[in-house]
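Structure file coords16.cif; described as mmCIF, N, CA and C atoms.
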data_final
#
loop_
_atom_site.label_atom_id
_atom_site.label_comp_id
_atom_site.auth_asym_id
_atom_site.auth_seq_id
_atom_site.Cartn_x
_atom_site.Cartn_y
_atom_site.Cartn_z
N MET A 1 -123.27 -136.72 180.09
CA MET A 1 -122.67 -137.17 178.86
C MET A 1 -122.60 -136.03 177.84
N MET A 2 -123.74 -135.30 177.73
CA MET A 2 -123.79 -134.21 176.77
C MET A 2 -122.77 -133.13 177.11
N SER A 3 -122.58 -132.87 178.40
CA SER A 3 -121.63 -131.84 178.78
C SER A 3 -120.19 -132.29 178.46
N ASN A 4 -119.90 -133.58 178.55
CA ASN A 4 -118.57 -134.08 178.18
C ASN A 4 -118.31 -133.89 176.69
N LEU A 5 -119.32 -134.15 175.86
CA LEU A 5 -119.17 -133.94 174.43
C LEU A 5 -118.96 -132.46 174.12
N PHE A 6 -119.72 -131.63 174.79
CA PHE A 6 -119.61 -130.20 174.58
C PHE A 6 -118.22 -129.71 174.98
N GLN A 7 -117.73 -130.17 176.11
CA GLN A 7 -116.40 -129.78 176.57
C GLN A 7 -115.33 -130.31 175.63
N GLY A 8 -115.50 -131.52 175.15
CA GLY A 8 -114.53 -132.09 174.21
C GLY A 8 -114.47 -131.29 172.92
N GLY A 9 -115.63 -130.84 172.44
CA GLY A 9 -115.68 -130.02 171.23
C GLY A 9 -114.98 -128.70 171.42
N LEU A 10 -115.17 -128.11 172.58
CA LEU A 10 -114.49 -126.84 172.87
C LEU A 10 -112.98 -127.03 172.95
N ILE A 11 -112.59 -128.12 173.56
CA ILE A 11 -111.15 -128.41 173.67
C ILE A 11 -110.54 -128.59 172.29
N MET A 12 -111.23 -129.31 171.40
CA MET A 12 -110.73 -129.52 170.05
C MET A 12 -110.64 -128.20 169.28
N LYS A 13 -111.65 -127.35 169.45
CA LYS A 13 -111.62 -126.04 168.80
C LYS A 13 -110.47 -125.20 169.34
N SER A 14 -110.24 -125.27 170.64
CA SER A 14 -109.14 -124.52 171.25
C SER A 14 -107.80 -125.02 170.73
N ILE A 15 -107.65 -126.32 170.63
CA ILE A 15 -106.40 -126.90 170.12
C ILE A 15 -106.17 -126.46 168.68
N ALA A 16 -107.23 -126.52 167.88
CA ALA A 16 -107.12 -126.10 166.48
C ALA A 16 -106.75 -124.63 166.38
N SER A 17 -107.35 -123.80 167.22
CA SER A 17 -107.06 -122.36 167.21
C SER A 17 -105.61 -122.10 167.62
N ILE A 18 -105.16 -122.77 168.64
CA ILE A 18 -103.78 -122.61 169.11
C ILE A 18 -102.81 -123.05 168.02
N PHE A 19 -103.11 -124.17 167.38
CA PHE A 19 -102.27 -124.67 166.30
C PHE A 19 -102.20 -123.66 165.16
N THR A 20 -103.34 -123.10 164.79
CA THR A 20 -103.39 -122.12 163.69
C THR A 20 -102.58 -120.88 164.03
N VAL A 21 -102.75 -120.37 165.22
CA VAL A 21 -101.99 -119.18 165.65
C VAL A 21 -100.49 -119.49 165.67
N GLY A 22 -100.14 -120.66 166.16
CA GLY A 22 -98.73 -121.06 166.20
C GLY A 22 -98.11 -121.14 164.81
N MET A 23 -98.85 -121.72 163.86
CA MET A 23 -98.34 -121.82 162.49
C MET A 23 -98.20 -120.44 161.86
N PHE A 24 -99.16 -119.56 162.12
CA PHE A 24 -99.09 -118.20 161.60
C PHE A 24 -97.85 -117.49 162.16
N ALA A 25 -97.60 -117.62 163.44
CA ALA A 25 -96.42 -117.00 164.06
C ALA A 25 -95.14 -117.57 163.46
N LEU A 26 -95.11 -118.86 163.22
CA LEU A 26 -93.94 -119.50 162.62
C LEU A 26 -93.68 -118.94 161.23
N LEU A 27 -94.73 -118.80 160.44
CA LEU A 27 -94.57 -118.25 159.09
C LEU A 27 -94.08 -116.81 159.12
N LEU A 28 -94.60 -116.02 160.05
CA LEU A 28 -94.14 -114.64 160.16
C LEU A 28 -92.67 -114.57 160.56
N SER A 29 -92.26 -115.41 161.48
CA SER A 29 -90.86 -115.38 161.91
C SER A 29 -89.94 -115.87 160.79
N ALA A 30 -90.41 -116.84 160.00
CA ALA A 30 -89.61 -117.31 158.87
C ALA A 30 -89.44 -116.20 157.84
N GLN A 31 -90.50 -115.43 157.59
CA GLN A 31 -90.42 -114.31 156.65
C GLN A 31 -89.45 -113.25 157.16
N ALA A 32 -89.53 -112.93 158.44
CA ALA A 32 -88.62 -111.94 159.03
C ALA A 32 -87.18 -112.42 158.94
N ASN A 33 -86.97 -113.71 159.16
CA ASN A 33 -85.62 -114.27 159.09
C ASN A 33 -85.09 -114.20 157.66
N ALA A 34 -85.93 -114.48 156.68
CA ALA A 34 -85.50 -114.41 155.28
C ALA A 34 -85.10 -112.99 154.93
N GLU A 35 -85.87 -112.00 155.38
CA GLU A 35 -85.55 -110.61 155.11
C GLU A 35 -84.21 -110.23 155.73
N SER A 36 -84.01 -110.61 156.99
CA SER A 36 -82.76 -110.24 157.66
C SER A 36 -81.57 -110.99 157.05
N THR A 37 -81.79 -112.21 156.56
CA THR A 37 -80.71 -112.95 155.90
C THR A 37 -80.27 -112.24 154.63
N HIS A 38 -81.23 -111.78 153.83
CA HIS A 38 -80.86 -111.05 152.61
C HIS A 38 -80.15 -109.75 152.95
N THR A 39 -80.61 -109.06 153.96
CA THR A 39 -79.96 -107.81 154.37
C THR A 39 -78.53 -108.09 154.84
N ALA A 40 -78.36 -109.13 155.64
CA ALA A 40 -77.02 -109.48 156.14
C ALA A 40 -76.10 -109.87 154.99
N GLN A 41 -76.61 -110.65 154.05
CA GLN A 41 -75.80 -111.05 152.90
C GLN A 41 -75.43 -109.84 152.04
N ALA A 42 -76.36 -108.92 151.85
CA ALA A 42 -76.07 -107.70 151.09
C ALA A 42 -74.96 -106.90 151.77
N MET A 43 -75.06 -106.78 153.09
CA MET A 43 -74.03 -106.05 153.84
C MET A 43 -72.67 -106.73 153.73
N GLU A 44 -72.66 -108.04 153.89
CA GLU A 44 -71.39 -108.78 153.84
C GLU A 44 -70.71 -108.61 152.48
N HIS A 45 -71.47 -108.82 151.40
CA HIS A 45 -70.87 -108.72 150.07
C HIS A 45 -70.52 -107.29 149.70
N ALA A 46 -71.32 -106.32 150.13
CA ALA A 46 -70.97 -104.92 149.86
C ALA A 46 -69.68 -104.55 150.59
N GLY A 47 -69.52 -105.06 151.80
CA GLY A 47 -68.28 -104.82 152.54
C GLY A 47 -67.06 -105.41 151.83
N MET A 48 -67.25 -106.62 151.30
CA MET A 48 -66.16 -107.25 150.56
C MET A 48 -65.86 -106.47 149.27
N ALA A 49 -66.91 -106.01 148.59
CA ALA A 49 -66.70 -105.21 147.38
C ALA A 49 -65.95 -103.92 147.72
N GLN A 50 -66.32 -103.31 148.83
CA GLN A 50 -65.65 -102.08 149.26
C GLN A 50 -64.18 -102.35 149.54
N ALA A 51 -63.91 -103.41 150.29
CA ALA A 51 -62.52 -103.73 150.65
C ALA A 51 -61.68 -104.01 149.41
N HIS A 52 -62.23 -104.78 148.48
CA HIS A 52 -61.48 -105.07 147.25
C HIS A 52 -61.34 -103.83 146.37
N GLY A 53 -62.35 -102.96 146.40
CA GLY A 53 -62.24 -101.70 145.67
C GLY A 53 -61.12 -100.84 146.22
N GLU A 54 -61.02 -100.80 147.55
CA GLU A 54 -59.94 -100.03 148.19
C GLU A 54 -58.58 -100.59 147.83
N ASP A 55 -58.52 -101.91 147.59
CA ASP A 55 -57.25 -102.54 147.20
C ASP A 55 -57.00 -102.46 145.70
N GLY A 56 -57.94 -101.87 144.96
CA GLY A 56 -57.77 -101.73 143.52
C GLY A 56 -58.16 -102.96 142.72
N HIS A 57 -58.90 -103.89 143.32
CA HIS A 57 -59.28 -105.14 142.66
C HIS A 57 -60.70 -105.03 142.09
N ALA A 58 -60.83 -104.39 140.95
CA ALA A 58 -62.15 -104.13 140.36
C ALA A 58 -62.89 -105.42 140.01
N LYS A 59 -62.18 -106.44 139.50
CA LYS A 59 -62.86 -107.68 139.10
C LYS A 59 -63.44 -108.42 140.31
N VAL A 60 -62.71 -108.47 141.39
CA VAL A 60 -63.23 -109.13 142.59
C VAL A 60 -64.34 -108.29 143.20
N SER A 61 -64.19 -106.96 143.14
CA SER A 61 -65.25 -106.06 143.61
C SER A 61 -66.53 -106.30 142.83
N LEU A 62 -66.41 -106.53 141.54
CA LEU A 62 -67.58 -106.79 140.70
C LEU A 62 -68.33 -108.02 141.18
N LYS A 63 -67.60 -109.08 141.48
CA LYS A 63 -68.24 -110.32 141.96
C LYS A 63 -69.05 -110.05 143.23
N HIS A 64 -68.43 -109.37 144.19
CA HIS A 64 -69.11 -109.12 145.47
C HIS A 64 -70.21 -108.07 145.34
N ALA A 65 -70.00 -107.04 144.54
CA ALA A 65 -71.03 -106.02 144.36
C ALA A 65 -72.26 -106.62 143.66
N THR A 66 -72.03 -107.52 142.73
CA THR A 66 -73.14 -108.19 142.03
C THR A 66 -73.93 -109.05 143.01
N GLU A 67 -73.24 -109.77 143.86
CA GLU A 67 -73.91 -110.62 144.85
C GLU A 67 -74.65 -109.75 145.87
N ALA A 68 -74.04 -108.65 146.29
CA ALA A 68 -74.70 -107.73 147.23
C ALA A 68 -75.96 -107.16 146.60
N LEU A 69 -75.89 -106.83 145.33
CA LEU A 69 -77.04 -106.28 144.62
C LEU A 69 -78.18 -107.30 144.57
N LYS A 70 -77.86 -108.55 144.32
CA LYS A 70 -78.88 -109.61 144.27
C LYS A 70 -79.61 -109.71 145.62
N HIS A 71 -78.85 -109.71 146.71
CA HIS A 71 -79.47 -109.82 148.03
C HIS A 71 -80.20 -108.54 148.42
N ALA A 72 -79.67 -107.39 148.05
CA ALA A 72 -80.34 -106.12 148.38
C ALA A 72 -81.67 -106.02 147.65
N LYS A 73 -81.72 -106.49 146.41
CA LYS A 73 -82.99 -106.48 145.67
C LYS A 73 -84.01 -107.41 146.32
N ALA A 74 -83.54 -108.56 146.79
CA ALA A 74 -84.45 -109.49 147.49
C ALA A 74 -84.96 -108.86 148.78
N ALA A 75 -84.08 -108.18 149.50
CA ALA A 75 -84.50 -107.50 150.73
C ALA A 75 -85.44 -106.34 150.40
N GLU A 76 -85.15 -105.65 149.31
CA GLU A 76 -85.99 -104.54 148.89
C GLU A 76 -87.41 -105.04 148.61
N LYS A 77 -87.51 -106.16 147.93
CA LYS A 77 -88.82 -106.73 147.62
C LYS A 77 -89.53 -107.15 148.91
N ALA A 78 -88.77 -107.70 149.85
CA ALA A 78 -89.35 -108.18 151.10
C ALA A 78 -89.88 -107.03 151.96
N HIS A 79 -89.21 -105.89 151.94
CA HIS A 79 -89.69 -104.76 152.73
C HIS A 79 -89.96 -103.54 151.87
N ALA A 80 -90.65 -103.72 150.81
CA ALA A 80 -90.86 -102.66 149.82
C ALA A 80 -91.41 -101.36 150.41
N ASP A 81 -92.40 -101.44 151.26
CA ASP A 81 -93.01 -100.22 151.79
C ASP A 81 -92.22 -99.62 152.94
N ALA A 82 -91.60 -100.44 153.73
CA ALA A 82 -91.02 -99.97 154.98
C ALA A 82 -89.61 -99.41 154.85
N HIS A 83 -88.90 -99.73 153.79
CA HIS A 83 -87.48 -99.38 153.79
C HIS A 83 -87.01 -98.69 152.51
N VAL A 84 -87.12 -97.39 152.52
CA VAL A 84 -86.63 -96.59 151.40
C VAL A 84 -85.12 -96.73 151.29
N HIS A 85 -84.46 -96.94 152.40
CA HIS A 85 -83.00 -97.05 152.40
C HIS A 85 -82.52 -98.25 151.58
N ILE A 86 -83.26 -99.33 151.59
CA ILE A 86 -82.86 -100.50 150.78
C ILE A 86 -82.84 -100.10 149.31
N SER A 87 -83.84 -99.34 148.88
CA SER A 87 -83.89 -98.89 147.48
C SER A 87 -82.67 -98.02 147.14
N GLU A 88 -82.31 -97.16 148.06
CA GLU A 88 -81.11 -96.33 147.84
C GLU A 88 -79.86 -97.20 147.82
N GLY A 89 -79.81 -98.20 148.68
CA GLY A 89 -78.68 -99.13 148.67
C GLY A 89 -78.57 -99.87 147.35
N VAL A 90 -79.71 -100.27 146.81
CA VAL A 90 -79.73 -100.96 145.50
C VAL A 90 -79.18 -100.03 144.42
N LYS A 91 -79.59 -98.78 144.42
CA LYS A 91 -79.10 -97.83 143.42
C LYS A 91 -77.58 -97.71 143.48
N HIS A 92 -77.05 -97.60 144.69
CA HIS A 92 -75.59 -97.47 144.83
C HIS A 92 -74.87 -98.76 144.44
N LEU A 93 -75.47 -99.90 144.73
CA LEU A 93 -74.84 -101.16 144.32
C LEU A 93 -74.88 -101.32 142.80
N GLU A 94 -75.93 -100.86 142.17
CA GLU A 94 -75.98 -100.88 140.70
C GLU A 94 -74.85 -100.03 140.12
N GLU A 95 -74.64 -98.86 140.73
CA GLU A 95 -73.53 -98.00 140.30
C GLU A 95 -72.18 -98.67 140.55
N ALA A 96 -72.06 -99.35 141.70
CA ALA A 96 -70.81 -100.05 142.01
C ALA A 96 -70.51 -101.12 140.97
N VAL A 97 -71.53 -101.88 140.60
CA VAL A 97 -71.35 -102.93 139.58
C VAL A 97 -70.94 -102.30 138.25
N LYS A 98 -71.62 -101.23 137.86
CA LYS A 98 -71.31 -100.55 136.60
C LYS A 98 -69.86 -100.07 136.58
N HIS A 99 -69.42 -99.45 137.66
CA HIS A 99 -68.05 -98.92 137.70
C HIS A 99 -67.02 -100.04 137.84
N ALA A 100 -67.36 -101.11 138.51
CA ALA A 100 -66.43 -102.24 138.61
C ALA A 100 -66.17 -102.84 137.23
N LYS A 101 -67.21 -102.90 136.41
CA LYS A 101 -67.07 -103.42 135.05
C LYS A 101 -66.15 -102.54 134.22
N MET A 102 -66.09 -101.24 134.55
CA MET A 102 -65.22 -100.30 133.83
C MET A 102 -63.83 -100.22 134.46
N GLY A 103 -63.63 -100.94 135.57
CA GLY A 103 -62.33 -100.93 136.23
C GLY A 103 -62.11 -99.73 137.15
N HIS A 104 -63.16 -99.04 137.55
CA HIS A 104 -63.06 -97.86 138.41
C HIS A 104 -63.19 -98.25 139.88
N ALA A 105 -62.13 -98.77 140.45
CA ALA A 105 -62.17 -99.26 141.84
C ALA A 105 -62.54 -98.15 142.82
N ASP A 106 -62.08 -96.92 142.57
CA ASP A 106 -62.40 -95.83 143.50
C ASP A 106 -63.90 -95.54 143.53
N GLU A 107 -64.57 -95.62 142.39
CA GLU A 107 -66.01 -95.40 142.35
C GLU A 107 -66.77 -96.56 143.00
N VAL A 108 -66.22 -97.78 142.83
CA VAL A 108 -66.82 -98.95 143.50
C VAL A 108 -66.80 -98.72 145.00
N THR A 109 -65.67 -98.26 145.49
CA THR A 109 -65.51 -98.00 146.92
C THR A 109 -66.52 -96.96 147.40
N LYS A 110 -66.63 -95.87 146.66
CA LYS A 110 -67.55 -94.79 147.03
C LYS A 110 -69.00 -95.29 147.09
N HIS A 111 -69.42 -96.00 146.05
CA HIS A 111 -70.82 -96.45 145.99
C HIS A 111 -71.12 -97.58 146.97
N THR A 112 -70.16 -98.46 147.22
CA THR A 112 -70.43 -99.52 148.20
C THR A 112 -70.49 -98.95 149.61
N LYS A 113 -69.69 -97.92 149.90
CA LYS A 113 -69.80 -97.27 151.22
C LYS A 113 -71.20 -96.68 151.41
N GLU A 114 -71.70 -96.01 150.37
CA GLU A 114 -73.04 -95.44 150.44
C GLU A 114 -74.09 -96.54 150.58
N ALA A 115 -73.92 -97.63 149.83
CA ALA A 115 -74.87 -98.75 149.91
C ALA A 115 -74.90 -99.32 151.31
N ILE A 116 -73.74 -99.52 151.90
CA ILE A 116 -73.66 -100.05 153.27
C ILE A 116 -74.39 -99.12 154.23
N SER A 117 -74.17 -97.83 154.08
CA SER A 117 -74.81 -96.86 154.95
C SER A 117 -76.33 -96.96 154.85
N HIS A 118 -76.84 -97.01 153.63
CA HIS A 118 -78.30 -97.08 153.44
C HIS A 118 -78.87 -98.41 153.91
N ILE A 119 -78.19 -99.50 153.60
CA ILE A 119 -78.69 -100.82 154.02
C ILE A 119 -78.70 -100.90 155.55
N ARG A 120 -77.66 -100.37 156.18
CA ARG A 120 -77.62 -100.35 157.64
C ARG A 120 -78.80 -99.56 158.19
N GLN A 121 -79.10 -98.41 157.57
CA GLN A 121 -80.24 -97.59 158.00
C GLN A 121 -81.55 -98.35 157.85
N SER A 122 -81.64 -99.21 156.86
CA SER A 122 -82.90 -99.95 156.65
C SER A 122 -83.18 -100.91 157.79
N THR A 123 -82.17 -101.34 158.49
CA THR A 123 -82.37 -102.27 159.61
C THR A 123 -82.76 -101.55 160.88
N VAL A 124 -82.58 -100.21 160.90
CA VAL A 124 -82.89 -99.43 162.09
C VAL A 124 -84.31 -98.89 162.04
N ASP A 125 -84.84 -98.66 160.85
CA ASP A 125 -86.18 -98.06 160.68
C ASP A 125 -87.26 -98.88 161.32
#
Now that the file is in, can you turn its structure into structure tokens?
Amino acid sequence: MMSNLFQGGLIMKSIASIFTVGMFALLLSAQANAESTHTAQAMEHAGMAQAHGEDGHAKVSLKHATEALKHAKAAEKAHADAHVHISEGVKHLEEAVKHAKMGHADEVTKHTKEAISHIRQSTVD
């Protein structure tokens, strides 16, 4: 009888340990997914800002560059230590937003291209 209780206690501890490890893994994967979602959104909006900049549409570029900047900053916060490129991407997106507000579509294009390059590099590191 005593050995059955002992075995049951070990089984319960094992189940609890497995559950804890599983929940930890789930949380880590959710965090990684959130980071990659922000990076993907930053890339998508920076690409749209670049395309509209190339077409001379500074106001539409502003909308997309602003959204790309929001997501790049979120990604930057998520991978602060690991990705210097995200920080560089944020700097270029800030410049893109500034120039879009001034109607400088060519500068928006230049800075969004640089932002895309840096953000892409952040996913490879």
Please identify all polymer residues lying at most 6.5 Å from the point (-72.3, -100.4, 147.7) (file coordinates), using all atoms listed in the file, and present the result as a compact mmCIF listing (two decimals) with N, CA and C atoms, in the coordinates of the input.
# COMPACT_ATOMS: atom_id res chain seq x y z
N ALA A 46 -71.32 -106.32 150.13
CA ALA A 46 -70.97 -104.92 149.86
C ALA A 46 -69.68 -104.55 150.59
N GLY A 89 -79.81 -98.20 148.68
CA GLY A 89 -78.68 -99.13 148.67
C GLY A 89 -78.57 -99.87 147.35
N HIS A 92 -77.05 -97.60 144.69
CA HIS A 92 -75.59 -97.47 144.83
C HIS A 92 -74.87 -98.76 144.44
N LEU A 93 -75.47 -99.90 144.73
CA LEU A 93 -74.84 -101.16 144.32
C LEU A 93 -74.88 -101.32 142.80
N ALA A 96 -72.06 -99.35 141.70
CA ALA A 96 -70.81 -100.05 142.01
C ALA A 96 -70.51 -101.12 140.97
N VAL A 108 -66.22 -97.78 142.83
CA VAL A 108 -66.82 -98.95 143.50
C VAL A 108 -66.80 -98.72 145.00
N LYS A 110 -66.63 -95.87 146.66
CA LYS A 110 -67.55 -94.79 147.03
C LYS A 110 -69.00 -95.29 147.09
N HIS A 111 -69.42 -96.00 146.05
CA HIS A 111 -70.82 -96.45 145.99
C HIS A 111 -71.12 -97.58 146.97
N THR A 112 -70.16 -98.46 147.22
CA THR A 112 -70.43 -99.52 148.20
C THR A 112 -70.49 -98.95 149.61
N LYS A 113 -69.69 -97.92 149.90
CA LYS A 113 -69.80 -97.27 151.22
C LYS A 113 -71.20 -96.68 151.41
N GLU A 114 -71.70 -96.01 150.37
CA GLU A 114 -73.04 -95.44 150.44
C GLU A 114 -74.09 -96.54 150.58
N ALA A 115 -73.92 -97.63 149.83
CA ALA A 115 -74.87 -98.75 149.91
C ALA A 115 -74.90 -99.32 151.31
N ILE A 116 -73.74 -99.52 151.90
CA ILE A 116 -73.66 -100.05 153.27
C ILE A 116 -74.39 -99.12 154.23
Starting from the shown file, work through the PyMOL selection byres ((chain A and resi 61) around 6.5) and note down what comes out as a PyMOL selection string.
chain A and resi 48-50+52-53+57-60+62-66+100
* Which of these, A:Ala51, A:Met102, A:Ala42, A:Ile119, has the shortest distance to Ala72 (chain A) once you count all atoms listed in the file? ->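 Once distances to Ala72 (chain A) are computed over all atoms listed in the file, the minimum belongs to A:Ala42.
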Just need the box for region 47-53 of chain A, edges along x, y and z, holding every atom the file lists for it with 5 Å tacked onto each side, so centre and edge lengths in Å to one decimal, as JSON.
{"center_x": -65.3, "center_y": -104.0, "center_z": 149.1, "size_x": 18.4, "size_y": 16.4, "size_z": 16.9}
Q.
Would you compute the distance between atom C of Ala75 (chain A) and atom N of Glu95 (chain A)? Give it in Å to one decimal.
A.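 Computing the Euclidean distance for atom C of Ala75 (chain A) and atom N of Glu95 (chain A) yields 16.3 Å.
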Note to self: Evaluate the PyMOL selection byres ((chain A and resi 38-41) around 6.5) against this structure - the residues, as a list in words, please.
What the structure shows: Asn33, Ala34, Glu35, Ser36, Thr37, Ala42, Met43, Glu44, His45, Ala46, Glu67, Ala68, His71, Ala72, Ala74 and Ala75 of chain A
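The gap separating atom N of Arg120 (chain A) from atom C of Asp106 (chain A) is 19.3 Å, in Å to one decimal.
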task = Quote the spacing between atom N of Lys91 (chain A) and atom C of Glu54 (chain A) in Å to one decimal place.
result =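 Going from atom N of Lys91 (chain A) over to atom C of Glu54 (chain A), I get 21.4 Å.
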